[in-house]
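Pasted below: final_2.txt, compact mmCIF, C-alpha atoms (C1' of nucleotides).
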# COMPACT_ATOMS: atom_id res chain seq x y z
CA MET L 1 24.86 -131.93 -195.07
CA ASP L 2 21.71 -133.69 -196.08
CA LYS L 3 21.57 -136.66 -193.78
CA GLU L 4 19.63 -138.70 -196.32
CA LEU L 5 22.44 -138.86 -198.84
CA LEU L 6 24.67 -140.31 -196.16
CA LYS L 7 22.57 -143.43 -195.84
CA GLY L 8 24.26 -146.36 -197.45
CA SER L 9 27.63 -144.70 -197.77
CA THR L 10 28.82 -144.98 -194.17
CA GLY L 11 30.21 -148.43 -194.78
CA ILE L 12 32.47 -147.47 -197.65
CA LEU L 13 33.67 -144.36 -195.83
CA LEU L 14 34.66 -146.28 -192.70
CA LEU L 15 36.26 -149.11 -194.65
CA SER L 16 38.21 -146.58 -196.70
CA LEU L 17 39.68 -144.98 -193.62
CA LEU L 18 40.72 -148.33 -192.20
CA SER L 19 42.33 -149.34 -195.50
CA GLU L 20 45.05 -146.85 -194.62
CA GLY L 21 45.65 -148.34 -191.21
CA PRO L 22 43.96 -148.99 -187.87
CA MET L 23 41.93 -146.22 -186.24
CA TYR L 24 39.64 -145.84 -183.27
CA GLY L 25 36.07 -144.59 -183.49
CA TYR L 26 36.46 -141.12 -182.12
CA GLN L 27 39.44 -140.59 -184.41
CA MET L 28 37.43 -141.67 -187.43
CA VAL L 29 34.78 -139.06 -186.75
CA LYS L 30 37.43 -136.35 -186.65
CA GLU L 31 39.22 -137.68 -189.72
CA LEU L 32 36.02 -137.79 -191.75
CA GLU L 33 35.09 -134.29 -190.69
CA GLN L 34 38.53 -132.99 -191.62
CA ARG L 35 38.85 -134.76 -194.94
CA SER L 36 35.35 -133.82 -196.05
CA GLU L 37 35.91 -130.21 -194.98
CA GLY L 38 33.09 -130.38 -192.47
CA ILE L 39 30.58 -132.17 -194.69
CA PHE L 40 30.57 -135.44 -192.75
CA ARG L 41 29.77 -135.13 -189.09
CA PHE L 42 29.08 -138.62 -187.87
CA LYS L 43 26.95 -138.84 -184.75
CA GLU L 44 27.92 -141.41 -182.16
CA GLY L 45 24.55 -143.10 -182.56
CA THR L 46 25.46 -143.63 -186.22
CA LEU L 47 29.13 -144.46 -185.90
CA TYR L 48 29.27 -147.07 -183.19
CA PRO L 49 26.38 -149.22 -184.42
CA ALA L 50 27.91 -149.00 -187.92
CA LEU L 51 31.27 -150.22 -186.63
CA HIS L 52 29.58 -153.06 -184.77
CA ARG L 53 27.73 -154.06 -187.92
CA LEU L 54 30.92 -154.11 -189.94
CA GLU L 55 32.60 -156.18 -187.27
CA ALA L 56 29.66 -158.62 -187.16
CA GLU L 57 30.07 -159.04 -190.91
CA GLY L 58 33.74 -159.81 -190.41
CA LEU L 59 34.91 -156.79 -192.42
CA ILE L 60 36.72 -155.14 -189.53
CA GLU L 61 38.07 -156.22 -186.17
CA GLY L 62 38.22 -154.20 -182.96
CA ARG L 63 41.01 -154.41 -180.36
CA TRP L 64 41.07 -152.52 -177.09
CA GLU L 65 44.19 -150.53 -176.29
CA LYS L 66 44.74 -149.73 -172.64
CA ARG L 67 45.93 -146.22 -171.84
CA GLU L 68 47.26 -144.59 -168.66
CA ASN L 69 46.64 -141.00 -169.60
CA GLY L 70 43.07 -141.09 -170.86
CA PRO L 71 40.12 -143.36 -171.71
CA ASP L 72 40.95 -146.67 -173.38
CA ARG L 73 40.58 -146.84 -177.13
CA LYS L 74 39.16 -149.53 -179.38
CA TYR L 75 41.23 -149.71 -182.54
CA TYR L 76 39.63 -151.19 -185.62
CA TYR L 77 41.54 -153.13 -188.25
CA LEU L 78 40.43 -153.94 -191.77
CA THR L 79 40.24 -157.69 -192.37
CA SER L 80 41.10 -159.26 -195.71
CA LYS L 81 37.39 -159.82 -196.21
CA GLY L 82 36.91 -156.14 -195.48
CA GLY L 83 39.47 -155.25 -198.11
CA GLN L 84 37.54 -157.22 -200.69
CA ALA L 85 34.28 -155.64 -199.59
CA LEU L 86 35.83 -152.20 -199.96
CA ALA L 87 36.95 -152.94 -203.49
CA GLU L 88 33.42 -154.07 -204.37
CA ARG L 89 31.77 -151.09 -202.76
CA ALA L 90 34.14 -148.67 -204.41
CA LYS L 91 33.17 -150.15 -207.75
CA GLU L 92 29.48 -149.92 -206.84
CA TRP L 93 29.92 -146.33 -205.81
CA GLY L 94 31.35 -145.49 -209.23
CA VAL L 95 28.45 -147.20 -210.97
CA PHE L 96 25.93 -145.46 -208.75
CA ARG L 97 27.55 -142.05 -209.15
CA ARG L 98 27.56 -142.28 -212.92
CA ALA L 99 23.93 -143.45 -212.96
CA VAL L 100 22.82 -140.52 -210.78
CA GLU L 101 24.66 -138.06 -212.95
CA ARG L 102 23.26 -139.43 -216.17
CA VAL L 103 19.80 -138.76 -214.75
CA ILE L 104 20.29 -135.41 -213.08
CA GLY L 105 22.84 -134.17 -215.59
CA SER L 106 20.36 -133.48 -218.37
CA GLY L 107 17.82 -131.93 -216.04
CA LEU L 108 20.32 -129.47 -214.66
CA MET L 109 20.94 -127.98 -218.06
CA LEU L 110 17.32 -126.88 -218.08
CA GLN L 111 17.67 -124.83 -214.91
CA GLY L 112 16.22 -121.40 -215.40
CA GLN L 113 14.14 -122.47 -218.36
CA GLN L 114 11.79 -124.43 -216.17
CA GLU L 115 8.36 -123.09 -215.32
CA GLY L 116 6.82 -124.03 -212.01
CA VAL L 117 3.15 -124.96 -211.71
CA MET N 36 22.24 -152.01 -207.36
CA ASP N 37 23.02 -151.61 -203.71
CA LYS N 38 19.72 -150.52 -202.27
CA GLU N 39 21.42 -148.62 -199.48
CA LEU N 40 23.09 -146.11 -201.75
CA LEU N 41 19.70 -145.33 -203.21
CA LYS N 42 18.37 -144.01 -199.94
CA GLY N 43 18.30 -140.28 -199.95
CA SER N 44 18.73 -139.95 -203.69
CA THR N 45 15.25 -140.89 -204.86
CA GLY N 46 14.02 -137.34 -204.35
CA ILE N 47 16.59 -135.70 -206.59
CA LEU N 48 16.13 -138.37 -209.26
CA LEU N 49 12.37 -137.91 -209.44
CA LEU N 50 12.56 -134.13 -209.34
CA SER N 51 15.16 -134.19 -212.10
CA LEU N 52 12.89 -136.16 -214.39
CA LEU N 53 9.99 -133.81 -213.78
CA SER N 54 12.17 -130.79 -214.46
CA GLU N 55 12.03 -131.82 -218.10
CA GLY N 56 8.26 -132.00 -218.14
CA PRO N 57 5.31 -133.83 -216.59
CA MET N 58 5.45 -137.60 -216.28
CA TYR N 59 3.38 -140.35 -214.69
CA GLY N 60 4.73 -142.81 -212.18
CA TYR N 61 4.99 -145.91 -214.30
CA GLN N 62 6.75 -143.89 -216.97
CA MET N 63 9.27 -142.58 -214.47
CA VAL N 64 10.27 -146.09 -213.49
CA LYS N 65 10.94 -146.96 -217.13
CA GLU N 66 12.75 -143.70 -217.77
CA LEU N 67 15.03 -144.16 -214.78
CA GLU N 68 15.81 -147.72 -215.76
CA GLN N 69 16.63 -146.69 -219.29
CA ARG N 70 18.72 -143.65 -218.44
CA SER N 71 20.70 -145.44 -215.78
CA GLU N 72 21.25 -148.41 -218.10
CA GLY N 73 19.44 -150.75 -215.75
CA ILE N 74 21.02 -149.54 -212.52
CA PHE N 75 17.87 -147.96 -211.09
CA ARG N 76 14.91 -150.29 -210.88
CA PHE N 77 12.40 -148.53 -208.68
CA LYS N 78 9.91 -150.82 -207.01
CA GLU N 79 6.32 -149.67 -206.75
CA GLY N 80 6.55 -149.76 -202.97
CA THR N 81 9.37 -147.24 -203.27
CA LEU N 82 8.10 -145.04 -206.07
CA TYR N 83 4.53 -144.26 -205.10
CA PRO N 84 5.19 -143.43 -201.46
CA ALA N 85 8.10 -141.25 -202.64
CA LEU N 86 5.86 -139.36 -205.05
CA HIS N 87 3.27 -138.86 -202.31
CA ARG N 88 5.94 -137.50 -199.99
CA LEU N 89 7.15 -135.04 -202.60
CA GLU N 90 3.58 -133.95 -203.25
CA ALA N 91 2.93 -133.53 -199.51
CA GLU N 92 5.98 -131.26 -199.39
CA GLY N 93 4.57 -129.22 -202.23
CA LEU N 94 7.46 -130.01 -204.59
CA ILE N 95 5.32 -131.78 -207.18
CA GLU N 96 1.65 -131.89 -208.08
CA GLY N 97 -0.35 -134.82 -209.42
CA ARG N 98 -3.19 -134.59 -211.92
CA TRP N 99 -5.26 -137.50 -213.16
CA GLU N 100 -5.59 -137.93 -216.90
CA LYS N 101 -8.56 -139.99 -218.04
CA ARG N 102 -7.93 -142.45 -220.83
CA GLU N 103 -10.22 -144.54 -223.00
CA ASN N 104 -7.72 -147.10 -224.16
CA GLY N 105 -6.01 -148.08 -220.92
CA PRO N 106 -5.79 -147.37 -217.19
CA ASP N 107 -5.92 -143.72 -216.14
CA ARG N 108 -2.62 -142.02 -215.48
CA LYS N 109 -1.56 -139.59 -212.77
CA TYR N 110 0.78 -137.04 -214.25
CA TYR N 111 3.11 -135.22 -211.92
CA TYR N 112 4.24 -131.65 -212.45
CA LEU N 113 7.19 -129.92 -210.83
CA THR N 114 6.09 -126.90 -208.79
CA SER N 115 8.19 -123.76 -208.54
CA LYS N 116 9.02 -124.79 -205.00
CA GLY N 117 10.08 -128.14 -206.41
CA GLY N 118 12.35 -126.41 -208.89
CA GLN N 119 14.09 -124.57 -206.08
CA ALA N 120 14.39 -127.79 -204.08
CA LEU N 121 15.94 -129.51 -207.08
CA ALA N 122 18.53 -126.77 -207.47
CA GLU N 123 19.45 -127.12 -203.81
CA ARG N 124 19.63 -130.88 -203.93
CA ALA N 125 21.72 -130.85 -207.06
CA LYS N 126 24.17 -128.58 -205.32
CA GLU N 127 24.16 -130.83 -202.27
CA TRP N 128 24.75 -133.85 -204.44
CA GLY N 129 27.87 -132.23 -205.87
CA VAL N 130 29.16 -131.39 -202.42
CA PHE N 131 28.40 -134.87 -201.16
CA ARG N 132 29.98 -136.58 -204.15
CA ARG N 133 33.20 -134.62 -203.82
CA ALA N 134 33.33 -135.32 -200.08
CA VAL N 135 32.92 -139.06 -200.60
CA GLU N 136 35.59 -139.10 -203.23
CA ARG N 137 38.04 -137.13 -201.15
CA VAL N 138 37.68 -139.82 -198.50
CA ILE N 139 37.64 -142.96 -200.62
CA GLY N 140 39.99 -141.59 -203.23
CA SER N 141 43.13 -141.83 -201.17
CA GLY N 142 42.26 -145.26 -199.82
CA LEU N 143 41.73 -146.68 -203.28
CA MET N 144 45.28 -145.88 -204.28
CA LEU N 145 46.40 -148.28 -201.60
CA GLN N 146 44.52 -151.21 -203.10
CA GLY N 147 46.78 -154.20 -203.41
CA GLN N 148 49.25 -152.87 -200.89
CA GLN N 149 46.87 -153.51 -198.03
CA GLU N 150 47.33 -156.45 -195.70
CA GLY N 151 44.29 -158.03 -194.12
CA VAL N 152 44.25 -158.97 -190.42
C1' DC B 3 -9.93 -167.64 -220.53
C1' DT B 4 -5.49 -167.12 -219.17
C1' DA B 5 -1.26 -164.62 -219.20
C1' DT B 6 1.16 -160.37 -219.72
C1' DA B 7 1.69 -155.46 -219.69
C1' DT B 8 0.09 -151.26 -218.06
C1' DA B 9 -1.07 -148.21 -214.02
C1' DC B 10 -2.15 -146.99 -209.48
C1' DA B 11 -2.02 -148.02 -204.38
C1' DT B 12 -1.14 -149.74 -199.43
C1' DC B 13 0.52 -152.87 -195.53
C1' DG B 14 4.02 -154.83 -192.74
C1' DC B 15 8.86 -155.83 -192.31
C1' DT B 16 13.64 -154.57 -192.07
C1' DA B 17 17.45 -151.64 -191.64
C1' DA B 18 19.90 -147.18 -190.97
C1' DT B 19 20.08 -142.77 -188.74
C1' DC B 20 19.33 -139.58 -185.03
C1' DT B 21 18.19 -137.83 -180.40
C1' DA B 22 18.99 -138.43 -175.98
C1' DG B 23 20.86 -140.50 -172.50
C1' DG B 24 24.53 -143.11 -169.93
C1' DT B 25 29.58 -144.36 -168.12
C1' DA B 26 34.33 -143.03 -167.45
C1' DT B 27 38.98 -140.52 -167.59
C1' DA B 28 41.87 -136.20 -167.89
C1' DT B 29 42.49 -131.35 -167.92
C1' DA B 30 41.41 -126.44 -167.45
C1' DA B 31 38.87 -122.88 -165.24
C1' DT B 32 36.33 -120.91 -161.41
C1' DA M 120 36.31 -128.44 -154.37
C1' DT M 121 33.56 -128.05 -158.29
C1' DT M 122 32.24 -127.18 -162.75
C1' DA M 123 33.11 -127.38 -167.61
C1' DT M 124 35.18 -129.27 -171.62
C1' DA M 125 37.35 -132.76 -174.31
C1' DT M 126 38.13 -137.40 -174.99
C1' DA M 127 36.21 -142.16 -175.64
C1' DC M 128 33.09 -145.72 -175.52
C1' DC M 129 28.08 -147.46 -175.50
C1' DT M 130 22.77 -148.32 -176.12
C1' DA M 131 17.54 -147.59 -176.23
C1' DG M 132 13.69 -145.65 -178.56
C1' DA M 133 11.75 -143.06 -182.35
C1' DT M 134 11.68 -141.97 -187.10
C1' DT M 135 12.04 -142.93 -191.84
C1' DA M 136 13.02 -145.08 -196.43
C1' DG M 137 12.96 -148.97 -199.26
C1' DC M 138 11.08 -153.53 -200.37
C1' DG M 139 8.22 -157.72 -200.86
C1' DA M 140 3.69 -158.95 -201.14
C1' DT M 141 -0.66 -158.06 -202.33
C1' DG M 142 -4.73 -155.76 -204.22
C1' DT M 143 -7.55 -153.24 -207.85
C1' DA M 144 -8.44 -152.33 -212.68
C1' DT M 145 -7.92 -151.98 -217.89
C1' DA M 146 -6.20 -153.68 -222.49
C1' DT M 147 -4.07 -157.00 -225.45
C1' DA M 148 -2.11 -161.44 -227.03
C1' DG M 149 -2.30 -166.31 -227.24
Once more with this new file: its structure as structure tokens, please.
Amino acid sequence: MDKELLKGSTGILLLSLLSEGPMYGYQMVKELEQRSEGIFRFKEGTLYPALHRLEAEGLIEGRWEKRENGPDRKYYYLTSKGGQALAERAKEWGVFRRAVERVIGSGLMLQGQQEGV
Amino acid sequence: MDKELLKGSTGILLLSLLSEGPMYGYQMVKELEQRSEGIFRFKEGTLYPALHRLEAEGLIEGRWEKRENGPDRKYYYLTSKGGQALAERAKEWGVFRRAVERVIGSGLMLQGQQEGV
DNA sequence: CTATATACATCGCTAATCTAGGTATATAAT
DNA sequence: ATTATATACCTAGATTAGCGATGTATATAG
């Protein structure tokens, strides 16, 4: 996966997962990898700072869960503000996606007819 | 337009335009704005460095055109290497787009049923 | 002569990602 | 016992992309 395309979409991906219910970080990485069929492989250096940013913005909230049989987990919950932000970002994503495809759509039809320099 | 989503997609947008024929920078800004119905408004501090990067990678090539009635223009041409890169990126875009929508798609159906914290 | 549009460019700032490293618990293998 | 692997969190430093600001220059409109 081209890492560049990922930039700017981590927020909506994480918020989307949490809109279905609370999850902890490590679980989110696995979920994203599974759902995207291996396309998204979040690094820890990307994930945790991203979660902290979202929490600082008040879009999610983290709560530690103590465990006996393994390392403690920090479960994140979507706040109501986060739910609103998700709705906005989902709308923006649609706008962005359509804009990209209007631009690259026409160009792609020329594939094979194009002469390089 | 959310500037974050733009990151990583400037390359494919510029290459797409040039796949239809040579263009100069200023023209590309206007073209993108028009085609995206105002969504993409490339700043000069974004565009010119991006073009220089693509040229440094050998994906495009710039040639100055002298003019009598106005400032000179630097026309960019897609190289054959650039054509290949565009094909790859277009494929990647499709993969990426589908992956994002598999993730956010399910969450969006829950809109309105979700309780904030 | 001033403002606007065209047309190129760079500098410094900010923000997001990655690499690499760290801590800690539990289990499986040697 | 010790080593490896998986789980589970974290951060520091480097890199990179986009943006605001600014600069240069030409042509036209008021």
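Neighbours of Ala85 of chain L closer than or equal to 10 Å, with all atoms listed in the file counted and sequence neighbours fewer than 5 positions away skipped, come out as Gly11, Ile12, Leu15, Leu59, Thr79, Ser80, Ala90 and Lys91 of chain L.
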Residues of the last selection are to be written out with C-alpha atoms, as an mmCIF file, in the frame of the given file.
data_model
loop_
_atom_site.group_PDB
_atom_site.id
_atom_site.type_symbol
_atom_site.label_atom_id
_atom_site.label_comp_id
_atom_site.auth_asym_id
_atom_site.auth_seq_id
_atom_site.Cartn_x
_atom_site.Cartn_y
_atom_site.Cartn_z
ATOM 1 C CA GLY L 11 30.210 -148.430 -194.780
ATOM 2 C CA ILE L 12 32.470 -147.470 -197.650
ATOM 3 C CA LEU L 15 36.260 -149.110 -194.650
ATOM 4 C CA LEU L 59 34.910 -156.790 -192.420
ATOM 5 C CA THR L 79 40.240 -157.690 -192.370
ATOM 6 C CA SER L 80 41.100 -159.260 -195.710
ATOM 7 C CA ALA L 90 34.140 -148.670 -204.410
ATOM 8 C CA LYS L 91 33.170 -150.150 -207.750
#
When the cut-off is 8 Å and we count only C-alpha atoms (C1' of nucleotides), which residues of chain L are near chain M, given as a short mmCIF file (atom, residue, chain, number, x, y, z; two decimals) with C-alpha atoms, in the coordinates of the input?
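So the final result, stored in part34.cif, reads:
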data_model
loop_
_atom_site.label_atom_id
_atom_site.label_comp_id
_atom_site.auth_asym_id
_atom_site.auth_seq_id
_atom_site.Cartn_x
_atom_site.Cartn_y
_atom_site.Cartn_z
CA TYR L 26 36.46 -141.12 -182.12
CA TYR L 48 29.27 -147.07 -183.19
CA GLY L 70 43.07 -141.09 -170.86
CA PRO L 71 40.12 -143.36 -171.71
CA ASP L 72 40.95 -146.67 -173.38
CA ARG L 73 40.58 -146.84 -177.13
#
Could you list, as a PyMOL selection string, every residue of chain B that has an atom within 9 Å of an atom of chain N, counting all atoms listed in the file?
chain B and resi 8-12+18
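Separating atom CA of Leu54 of chain L from atom CA of Lys81 of chain L is a distance of 10.7 Å.
Reported to one decimal place, the separation of atom CA of Ser44 of chain N from atom CA of Leu5 of chain L is 6.2 Å.
Distance annotation: of L:Met28, L:Thr46, L:Met23, L:Trp93, the residue with the minimal separation from DC20 of chain B is L:Thr46; atom set is all atoms listed in the file.
With all atoms listed in the file as the basis for measurement, N:Ile139 is the residue among N:Val64, N:Arg133, N:Gly43, N:Ile139 that approaches Leu86 of chain L most closely.
Interatomic distance, atom CA of Thr10 of chain L to atom CA of Pro22 of chain L: 16.9 Å.
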Taking all atoms of segment 3-21 of chain B that the file lists, what box with edges along x, y and z, padded by 4 Å per side, do you get, with centre and edge lengths in Å to one decimal, as JSON?
{"center_x": 5.1, "center_y": -152.7, "center_z": -200.5, "size_x": 38.0, "size_y": 37.8, "size_z": 48.1}
Residue with smallest distance to chain L - pool N:Leu48, N:Arg76, N:Glu92, N:Lys65, counting all atoms listed in the file:
N:Leu48
